[in-house]
$ cat my_file-v5.tsv   # TSV, C-alpha atoms and all ligand atoms
chain	number	residue	atom	x	y	z
A	1	GLN	CA	-40.24	-21.05	99.90
A	2	PRO	CA	-37.16	-21.17	97.61
A	3	THR	CA	-34.99	-24.28	97.84
A	4	PRO	CA	-31.63	-23.62	99.64
A	5	ASP	CA	-28.42	-22.53	97.80
A	6	VAL	CA	-30.05	-22.18	94.34
A	7	ASP	CA	-29.12	-18.99	92.45
A	8	PRO	CA	-32.49	-17.28	91.80
A	9	THR	CA	-30.97	-15.37	88.86
A	10	LEU	CA	-30.27	-18.59	86.92
A	11	PHE	CA	-33.29	-19.63	84.85
A	12	GLU	CA	-33.33	-23.14	83.37
A	13	LYS	CA	-34.25	-23.21	79.68
A	14	ARG	CA	-36.48	-26.30	80.06
A	15	PHE	CA	-38.84	-24.39	82.44
A	16	LEU	CA	-39.04	-21.22	80.30
A	17	LYS	CA	-42.32	-21.53	78.35
A	18	LYS	CA	-42.84	-18.99	75.51
A	19	ILE	CA	-46.30	-17.36	75.43
A	20	ARG	CA	-45.96	-14.60	72.79
A	21	GLU	CA	-43.71	-11.97	71.22
A	22	LEU	CA	-43.63	-8.61	73.01
A	23	GLY	CA	-41.34	-6.55	70.83
A	24	GLU	CA	-38.36	-6.45	68.55
A	25	GLY	CA	-35.24	-4.31	68.77
A	26	HIS	CA	-32.22	-3.85	66.55
A	27	PHE	CA	-30.56	-7.19	67.19
A	28	GLY	CA	-32.86	-8.62	69.84
A	29	LYS	CA	-36.41	-9.70	70.40
A	30	VAL	CA	-38.42	-9.77	73.62
A	31	GLU	CA	-40.88	-12.56	74.40
A	32	LEU	CA	-43.41	-13.08	77.17
A	33	CYS	CA	-42.59	-16.36	78.93
A	34	ARG	CA	-43.80	-18.19	82.01
A	35	TYR	CA	-41.01	-19.63	84.19
A	36	ASP	CA	-42.82	-22.73	85.37
A	37	PRO	CA	-40.47	-25.20	87.17
A	38	ARG	CA	-43.45	-26.93	88.80
A	39	GLY	CA	-45.09	-27.38	85.41
A	40	ASP	CA	-48.53	-26.41	86.77
A	41	LYS	CA	-48.79	-22.88	85.22
A	42	THR	CA	-48.31	-21.32	88.66
A	43	GLY	CA	-44.87	-19.94	87.64
A	44	GLU	CA	-44.23	-16.22	87.17
A	45	LEU	CA	-44.49	-14.27	83.92
A	46	VAL	CA	-41.17	-12.80	82.72
A	47	ALA	CA	-39.93	-10.80	79.72
A	48	VAL	CA	-37.11	-12.63	77.94
A	49	LYS	CA	-34.72	-10.90	75.55
A	50	SER	CA	-32.72	-13.02	73.12
A	51	LEU	CA	-30.91	-12.53	69.83
A	52	LYS	CA	-32.85	-12.59	66.58
A	53	SER	CA	-31.69	-15.73	64.80
A	54	GLU	CA	-30.11	-14.10	61.70
A	55	ASN	CA	-27.20	-12.35	63.42
A	56	ARG	CA	-26.56	-14.56	66.46
A	57	GLU	CA	-22.74	-14.84	66.67
A	58	GLU	CA	-21.50	-11.28	66.16
A	59	GLN	CA	-24.34	-9.92	68.30
A	60	SER	CA	-23.83	-12.34	71.21
A	61	ASN	CA	-21.31	-10.04	72.92
A	62	ASN	CA	-23.81	-7.17	72.50
A	63	LEU	CA	-26.35	-9.15	74.52
A	64	SER	CA	-23.85	-10.09	77.23
A	65	ARG	CA	-22.79	-6.41	77.45
A	66	GLU	CA	-26.45	-5.38	77.77
A	67	ILE	CA	-26.90	-8.00	80.53
A	68	ASP	CA	-23.91	-6.65	82.47
A	69	ILE	CA	-25.25	-3.08	82.16
A	70	LEU	CA	-28.83	-3.87	83.27
A	71	LYS	CA	-27.63	-6.13	86.11
A	72	ALA	CA	-25.84	-3.15	87.66
A	73	LEU	CA	-28.69	-0.62	87.32
A	74	TYR	CA	-31.03	-0.03	90.27
A	75	HIS	CA	-33.65	2.71	89.71
A	76	GLU	CA	-37.44	2.81	90.02
A	77	ASN	CA	-37.69	4.09	86.42
A	78	ILE	CA	-35.48	1.40	84.90
A	79	VAL	CA	-36.86	-2.05	84.14
A	80	LYS	CA	-35.68	-4.66	86.66
A	81	TYR	CA	-33.10	-7.32	85.82
A	82	LYS	CA	-34.20	-10.78	87.03
A	83	GLY	CA	-31.47	-13.07	85.66
A	84	ILE	CA	-30.15	-15.02	82.71
A	85	CYS	CA	-30.75	-18.30	80.94
A	86	GLN	CA	-27.70	-20.21	79.77
A	87	GLU	CA	-27.46	-22.60	76.84
A	88	GLU	CA	-25.91	-25.85	78.21
A	89	GLY	CA	-23.95	-23.91	80.83
A	90	CYS	CA	-22.02	-21.83	78.29
A	91	GLN	CA	-22.41	-18.03	78.02
A	92	ALA	CA	-25.80	-16.47	78.77
A	93	ASN	CA	-28.02	-16.24	75.73
A	94	LYS	CA	-31.21	-14.87	77.28
A	95	LEU	CA	-31.81	-11.83	79.49
A	96	ILE	CA	-34.68	-12.28	81.96
A	97	MET	CA	-36.46	-9.12	83.05
A	98	GLU	CA	-39.64	-8.17	84.94
A	99	TYR	CA	-42.69	-8.23	82.65
A	100	LEU	CA	-44.62	-4.96	82.44
A	101	PRO	CA	-48.13	-5.93	81.30
A	102	LEU	CA	-49.22	-2.53	79.94
A	103	GLY	CA	-46.56	-2.46	77.23
A	104	SER	CA	-44.67	0.50	75.82
A	105	LEU	CA	-45.91	4.08	75.59
A	106	LYS	CA	-46.59	3.38	71.89
A	107	ASP	CA	-48.94	0.55	72.86
A	108	TYR	CA	-50.50	2.26	75.89
A	109	LEU	CA	-51.04	5.97	75.07
A	110	PRO	CA	-53.18	5.69	71.91
A	111	ARG	CA	-55.51	3.29	73.74
A	112	ASN	CA	-55.72	5.30	76.98
A	113	LYS	CA	-55.79	8.84	75.63
A	114	ASN	CA	-59.06	9.73	77.37
A	115	LYS	CA	-57.81	8.77	80.80
A	116	THR	CA	-54.28	10.19	80.51
A	117	SER	CA	-54.18	13.88	81.41
A	118	LEU	CA	-51.42	16.33	80.45
A	119	LYS	CA	-50.41	16.23	84.12
A	120	THR	CA	-49.83	12.48	83.83
A	121	LEU	CA	-47.85	12.94	80.59
A	122	LEU	CA	-45.63	15.47	82.37
A	123	SER	CA	-45.22	13.03	85.26
A	124	TYR	CA	-44.11	10.35	82.77
A	125	SER	CA	-41.61	12.87	81.35
A	126	VAL	CA	-40.21	13.52	84.84
A	127	GLN	CA	-39.80	9.78	85.42
A	128	ILE	CA	-37.96	9.29	82.11
A	129	CYS	CA	-35.70	12.25	83.02
A	130	GLU	CA	-34.93	10.69	86.41
A	131	GLY	CA	-34.10	7.32	84.88
A	132	MET	CA	-31.90	8.97	82.25
A	133	ASP	CA	-30.17	11.21	84.81
A	134	TYR	CA	-29.34	8.06	86.81
A	135	LEU	CA	-28.07	6.28	83.66
A	136	GLY	CA	-25.87	9.27	82.78
A	137	SER	CA	-24.54	9.41	86.35
A	138	ARG	CA	-23.28	5.85	85.75
A	139	ASN	CA	-21.52	7.11	82.59
A	140	TYR	CA	-23.83	5.34	80.17
A	141	ILE	CA	-25.43	6.80	77.05
A	142	HIS	CA	-28.65	5.15	75.96
A	143	ARG	CA	-28.57	6.02	72.22
A	144	ASP	CA	-32.09	4.77	71.58
A	145	LEU	CA	-34.43	6.76	73.85
A	146	ALA	CA	-37.86	6.78	72.21
A	147	ALA	CA	-41.46	6.10	73.27
A	148	ARG	CA	-41.18	2.52	71.96
A	149	ASN	CA	-38.50	1.84	74.57
A	150	VAL	CA	-40.38	3.31	77.53
A	151	LEU	CA	-42.58	0.77	79.30
A	152	VAL	CA	-45.73	1.42	81.35
A	153	GLU	CA	-45.78	-0.32	84.74
A	154	SER	CA	-49.06	1.32	85.86
A	155	GLU	CA	-51.14	4.43	85.10
A	156	ARG	CA	-48.69	6.22	87.41
A	157	THR	CA	-45.30	4.65	86.62
A	158	VAL	CA	-43.12	4.27	83.51
A	159	LYS	CA	-39.69	2.67	83.13
A	160	ILE	CA	-36.94	2.70	80.53
A	161	GLY	CA	-37.27	-0.80	79.12
A	162	ASP	CA	-34.50	-1.50	76.65
A	163	PHE	CA	-30.75	-0.96	76.68
A	164	GLY	CA	-29.83	-2.61	73.39
A	165	LEU	CA	-27.75	0.33	72.14
A	166	THR	CA	-26.50	1.57	75.52
A	167	LYS	CA	-22.76	2.21	75.67
A	168	SER	CA	-20.44	3.23	78.45
A	169	ILE	CA	-18.59	6.47	77.78
A	170	LYS	CA	-14.79	6.22	77.99
A	171	ASP	CA	-14.35	8.79	80.76
A	172	ASN	CA	-11.77	11.03	79.11
A	173	GLU	CA	-13.53	11.24	75.71
A	174	GLY	CA	-17.06	12.01	76.90
A	175	TYR	CA	-18.66	10.60	73.78
A	176	TYR	CA	-19.20	7.30	71.97
A	177	THR	CA	-18.41	6.95	68.28
A	178	VAL	CA	-21.44	5.46	66.54
A	179	LYS	CA	-20.35	2.55	64.40
A	180	ASP	CA	-23.11	0.94	62.32
A	181	GLU	CA	-25.46	3.85	61.69
A	182	ASN	CA	-27.70	1.66	59.50
A	183	GLU	CA	-29.62	0.74	62.66
A	184	SER	CA	-29.92	4.31	63.92
A	185	PRO	CA	-33.28	5.94	64.57
A	186	VAL	CA	-32.20	9.09	62.67
A	187	PHE	CA	-35.25	11.20	63.53
A	188	TRP	CA	-34.42	10.82	67.23
A	189	TYR	CA	-30.70	11.66	66.63
A	190	ALA	CA	-29.04	14.97	67.46
A	191	PRO	CA	-27.05	16.85	64.77
A	192	GLU	CA	-23.64	15.77	66.19
A	193	CYS	CA	-24.68	12.12	65.89
A	194	LEU	CA	-25.78	12.59	62.25
A	195	THR	CA	-22.77	14.65	61.13
A	196	HIS	CA	-19.85	13.37	63.27
A	197	CYS	CA	-21.16	9.99	64.48
A	198	LYS	CA	-20.42	11.23	68.01
A	199	PHE	CA	-22.90	10.49	70.77
A	200	TYR	CA	-22.75	12.52	74.02
A	201	LEU	CA	-24.88	12.41	77.16
A	202	ALA	CA	-26.43	15.59	75.69
A	203	SER	CA	-27.39	13.55	72.60
A	204	ASP	CA	-29.74	11.53	74.81
A	205	VAL	CA	-31.33	14.84	75.90
A	206	TRP	CA	-32.14	15.59	72.25
A	207	SER	CA	-33.77	12.15	71.92
A	208	PHE	CA	-35.67	12.86	75.14
A	209	GLY	CA	-37.14	15.99	73.50
A	210	VAL	CA	-38.34	13.86	70.58
A	211	THR	CA	-39.71	11.28	73.06
A	212	MET	CA	-41.56	14.08	74.87
A	213	TYR	CA	-43.03	15.09	71.51
A	214	GLU	CA	-44.31	11.52	71.05
A	215	LEU	CA	-45.74	11.55	74.59
A	216	ILE	CA	-47.62	14.85	74.15
A	217	THR	CA	-49.14	13.61	70.87
A	218	TYR	CA	-50.15	10.31	72.61
A	219	CYS	CA	-47.85	8.46	70.15
A	220	ASP	CA	-50.26	9.24	67.30
A	221	THR	CA	-48.47	7.70	64.30
A	222	SER	CA	-49.94	10.29	61.90
A	223	LYS	CA	-48.04	12.95	63.90
A	224	SER	CA	-44.91	10.82	64.53
A	225	PRO	CA	-41.51	12.52	64.27
A	226	MET	CA	-40.76	10.40	61.19
A	227	GLN	CA	-43.99	11.49	59.43
A	228	LEU	CA	-43.49	15.16	60.30
A	229	PHE	CA	-39.80	15.24	59.33
A	230	HIS	CA	-40.56	13.49	56.03
A	231	GLY	CA	-43.18	16.18	55.45
A	232	MET	CA	-40.60	18.89	56.16
A	233	ILE	CA	-37.66	17.48	54.18
A	234	GLY	CA	-39.55	15.67	51.45
A	235	ARG	CA	-39.73	11.96	50.97
A	236	SER	CA	-36.38	10.33	50.22
A	237	GLN	CA	-34.53	7.24	51.39
A	238	GLY	CA	-31.12	6.13	52.64
A	239	GLN	CA	-28.31	8.66	52.80
A	240	MET	CA	-30.40	11.39	51.10
A	241	THR	CA	-32.73	11.45	54.12
A	242	ILE	CA	-29.86	12.06	56.52
A	243	ILE	CA	-28.39	14.80	54.31
A	244	ARG	CA	-31.76	16.57	54.07
A	245	LEU	CA	-32.41	16.12	57.80
A	246	VAL	CA	-28.99	17.58	58.75
A	247	LYS	CA	-29.60	20.59	56.45
A	248	ALA	CA	-33.08	21.24	57.89
A	249	LEU	CA	-31.79	21.01	61.49
A	250	ALA	CA	-28.82	23.27	60.69
A	251	GLU	CA	-31.28	25.84	59.28
A	252	GLY	CA	-33.01	25.77	62.68
A	253	LYS	CA	-36.03	23.72	61.53
A	254	ARG	CA	-37.59	21.72	64.34
A	255	LEU	CA	-40.68	19.61	64.93
A	256	PRO	CA	-43.58	22.11	65.14
A	257	ARG	CA	-45.61	22.68	68.33
A	258	PRO	CA	-48.37	20.03	68.30
A	259	LEU	CA	-51.69	21.78	67.50
A	260	GLU	CA	-53.69	20.26	70.35
A	261	GLY	CA	-52.74	19.57	73.94
A	262	CYS	CA	-49.33	21.20	73.93
A	263	PRO	CA	-49.23	24.50	75.86
A	264	GLU	CA	-46.39	26.88	74.89
A	265	PRO	CA	-44.34	26.28	78.09
A	266	VAL	CA	-44.29	22.52	77.38
A	267	TYR	CA	-43.10	23.09	73.80
A	268	GLU	CA	-40.44	25.49	75.09
A	269	LEU	CA	-39.07	22.65	77.22
A	270	MET	CA	-38.75	20.43	74.14
A	271	ARG	CA	-36.95	23.25	72.32
A	272	LYS	CA	-34.39	23.41	75.15
A	273	CYS	CA	-33.56	19.77	74.33
A	274	TRP	CA	-33.05	20.66	70.64
A	275	GLU	CA	-30.31	23.30	70.92
A	276	ASN	CA	-27.89	22.72	68.02
A	277	ALA	CA	-24.71	22.53	70.09
A	278	PRO	CA	-24.61	19.70	72.64
A	279	GLU	CA	-22.89	21.98	75.17
A	280	ASN	CA	-25.81	24.46	74.98
A	281	ARG	CA	-28.44	21.78	75.57
A	282	ILE	CA	-30.20	21.56	78.95
A	283	SER	CA	-29.26	18.52	81.09
A	284	PHE	CA	-31.69	15.91	82.45
A	285	LYS	CA	-30.98	17.22	85.96
A	286	ASN	CA	-31.80	20.81	84.96
A	287	LEU	CA	-34.98	19.74	83.15
A	288	LEU	CA	-36.49	18.46	86.40
A	289	PRO	CA	-37.21	21.82	88.11
A	290	HIS	CA	-38.85	23.09	84.89
A	291	PHE	CA	-41.24	20.14	85.00
A	292	GLU	CA	-41.92	20.73	88.72
A	293	ILE	CA	-42.96	24.33	87.94
A	294	LEU	CA	-45.26	23.18	85.10
A	295	LEU	CA	-46.81	20.57	87.41
A	296	LEU	CA	-47.59	23.30	89.98
A	297	ASP	CA	-49.40	25.34	87.34
A	298	GLU	CA	-53.17	24.85	87.62
A	299	GLN	CA	-53.73	24.88	83.85
A	300	PHE	CA	-52.34	21.33	83.68
A	301	LEU	CA	-55.14	19.96	85.86
A	302	ASP	CA	-56.43	16.49	85.11
A	303	ILE	CA	-57.92	17.58	81.81
A	304	ALA	CA	-57.67	14.58	79.51
A	305	PHE	CA	-58.28	14.90	75.77
B	401	LIG	C1	-36.65	-5.11	72.16
B	401	LIG	C2	-37.67	-4.04	72.08
B	401	LIG	C3	-37.95	-3.48	73.41
B	401	LIG	N1	-39.04	-4.19	74.12
B	401	LIG	C4	-39.16	-4.37	75.45
B	401	LIG	C5	-40.35	-5.02	75.67
B	401	LIG	C6	-40.95	-5.37	76.95
B	401	LIG	N2	-42.30	-5.46	76.98
B	401	LIG	C7	-42.94	-5.71	78.15
B	401	LIG	N3	-44.30	-5.75	78.18
B	401	LIG	C8	-45.21	-5.64	77.13
B	401	LIG	C9	-44.87	-5.30	75.81
B	401	LIG	C10	-45.85	-5.22	74.82
B	401	LIG	C11	-47.19	-5.50	75.14
B	401	LIG	C12	-48.26	-5.44	74.09
B	401	LIG	O1	-49.35	-5.96	74.28
B	401	LIG	N4	-47.96	-4.82	72.91
B	401	LIG	C13	-48.99	-4.75	71.88
B	401	LIG	C14	-47.54	-5.81	76.47
B	401	LIG	C15	-46.56	-5.88	77.45
B	401	LIG	N5	-42.30	-5.92	79.32
B	401	LIG	C16	-40.93	-5.86	79.31
B	401	LIG	N6	-40.05	-6.01	80.33
B	401	LIG	C17	-38.79	-5.85	79.86
B	401	LIG	C18	-38.84	-5.60	78.50
B	401	LIG	C19	-40.21	-5.58	78.14
B	401	LIG	C20	-40.95	-5.18	74.43
B	401	LIG	N7	-40.13	-4.70	73.48

$ encode --input "my_file-v5.tsv" --output "structure tokens"
Amino acid sequence: QPTPDVDPTLFEKRFLKKIRELGEGHFGKVELCRYDPRGDKTGELVAVKSLKSENREEQSNNLSREIDILKALYHENIVKYKGICQEEGCQANKLIMEYLPLGSLKDYLPRNKNKTSLKTLLSYSVQICEGMDYLGSRNYIHRDLAARNVLVESERTVKIGDFGLTKSIKDNEGYYTVKDENESPVFWYAPECLTHCKFYLASDVWSFGVTMYELITYCDTSKSPMQLFHGMIGRSQGQMTIIRLVKALAEGKRLPRPLEGCPEPVYELMRKCWENAPENRISFKNLLPHFEILLLDEQFLDIAF
């Protein structure tokens, strides 16, 4: 049993043993570690997020902001905060989270295609919607919703697993002004983010539509949003890509309905997330009943591809 009056959310660096890298974000990396105070490998496995060495100082307040956000979030579809690790008692420099052994949707879906039915994919979509609706209710915008940031806890449960770009919305404004767009995942960004650098709650809904697209295609990289958009707007790089993408979206061009495994009603739901004007876009809350109706429809039985 735990020793008395020890803060279980404080992890001592000397007992945190690195096992391997799990993933890399914009300014952070996530490693699998064992917290082993007894030194006999009976300690628990945890996911540890820290800054990538190159940009430590200016990003350190990003990490502490992310820690404060995750610490205050309690939802079954949001990865659990476990604590922090401090460097010699000064500010926290590592975020300790629960380790989800099955990895992200990008790791899991391609390898488990034949046992993941459309019904399960729609259930994952519902869970992401619920996590995002909760996040929005706390006045946070995620700004980086994509399959790579959704983690698989079990065949039945997924969780939003990274909040590296999450920002709180100043209540009166209702949007966040994107600063350094060099890190932005442009093919997951709504038009208002690309043209005005403004990010609304509704901008996360657009990214959700793109994430749904990834889900339905089992995160097949040959059909990834980036590949398909490059095919539509021609190969270019840097600012040209954004200019061509904005033009294509303004002309009403959208990711096409995936040829296999995407019934029309499912594609129609994605299209509701890709309305040009943020105010016309469906909300996460209003997406839920549409998913419930699809999940009642027999055609989505446990047919896996
Ligand atoms: C910074 C980028 C975002 N990110 C979050 C994580 C993460 N991963 C995992 N589990 C995981 C990951 C990968 C694999 C794998 O085998 N892959 C080939 C297996 C298990 N648990 C997590 N709990 C909290 C965060 C987190 C990884 N990257």

$ atom_distance --input "my_file-v5.tsv" --atom1 "atom O1 of ligand LIG 401 (chain B)" --atom2 "CA of Val79 in chain A"
16.4 Å

$ closest_residue --input "my_file-v5.tsv" --among "A:Met226, A:Met232, A:Ala277, A:Leu22" --to "ligand LIG 401 (chain B)" --atoms "only C-alpha atoms and all ligand atoms"
A:Leu22

$ closest_residue --input "my_file-v5.tsv" --among "A:Lys17, A:Lys167, A:Lys247, A:Arg148" --to "ligand LIG 401 (chain B)" --atoms "all atoms listed in the file"
A:Arg148

$ closest_residue --input "my_file-v5.tsv" --among "A:Asp5, A:Ala146, A:Gly131, A:Leu10" --to "ligand LIG 401 (chain B)" --atoms "all atoms listed in the file"
A:Ala146

$ closest_residue --input "my_file-v5.tsv" --among "A:Phe291, A:Phe284, A:Tyr200, A:Phe163" --to "Tyr124 in chain A" --atoms "only C-alpha atoms"
A:Phe291

$ closest_residue --input "my_file-v5.tsv" --among "A:Leu151, A:Leu109, A:Cys90, A:Leu73" --to "ligand LIG 401 (chain B)" --atoms "only C-alpha atoms and all ligand atoms"
A:Leu151

$ residues_near_point --input "my_file-v5.tsv" --point "(-54.9, 19.2, 68.6)" --cutoff "12 Å" --atoms "only C-alpha atoms" --output "list in words"
Ile216, Thr217, Tyr218, Asp220, Lys223, Arg257, Pro258, Leu259, Glu260, Gly261, Cys262, Pro263 and Phe305 of chain A
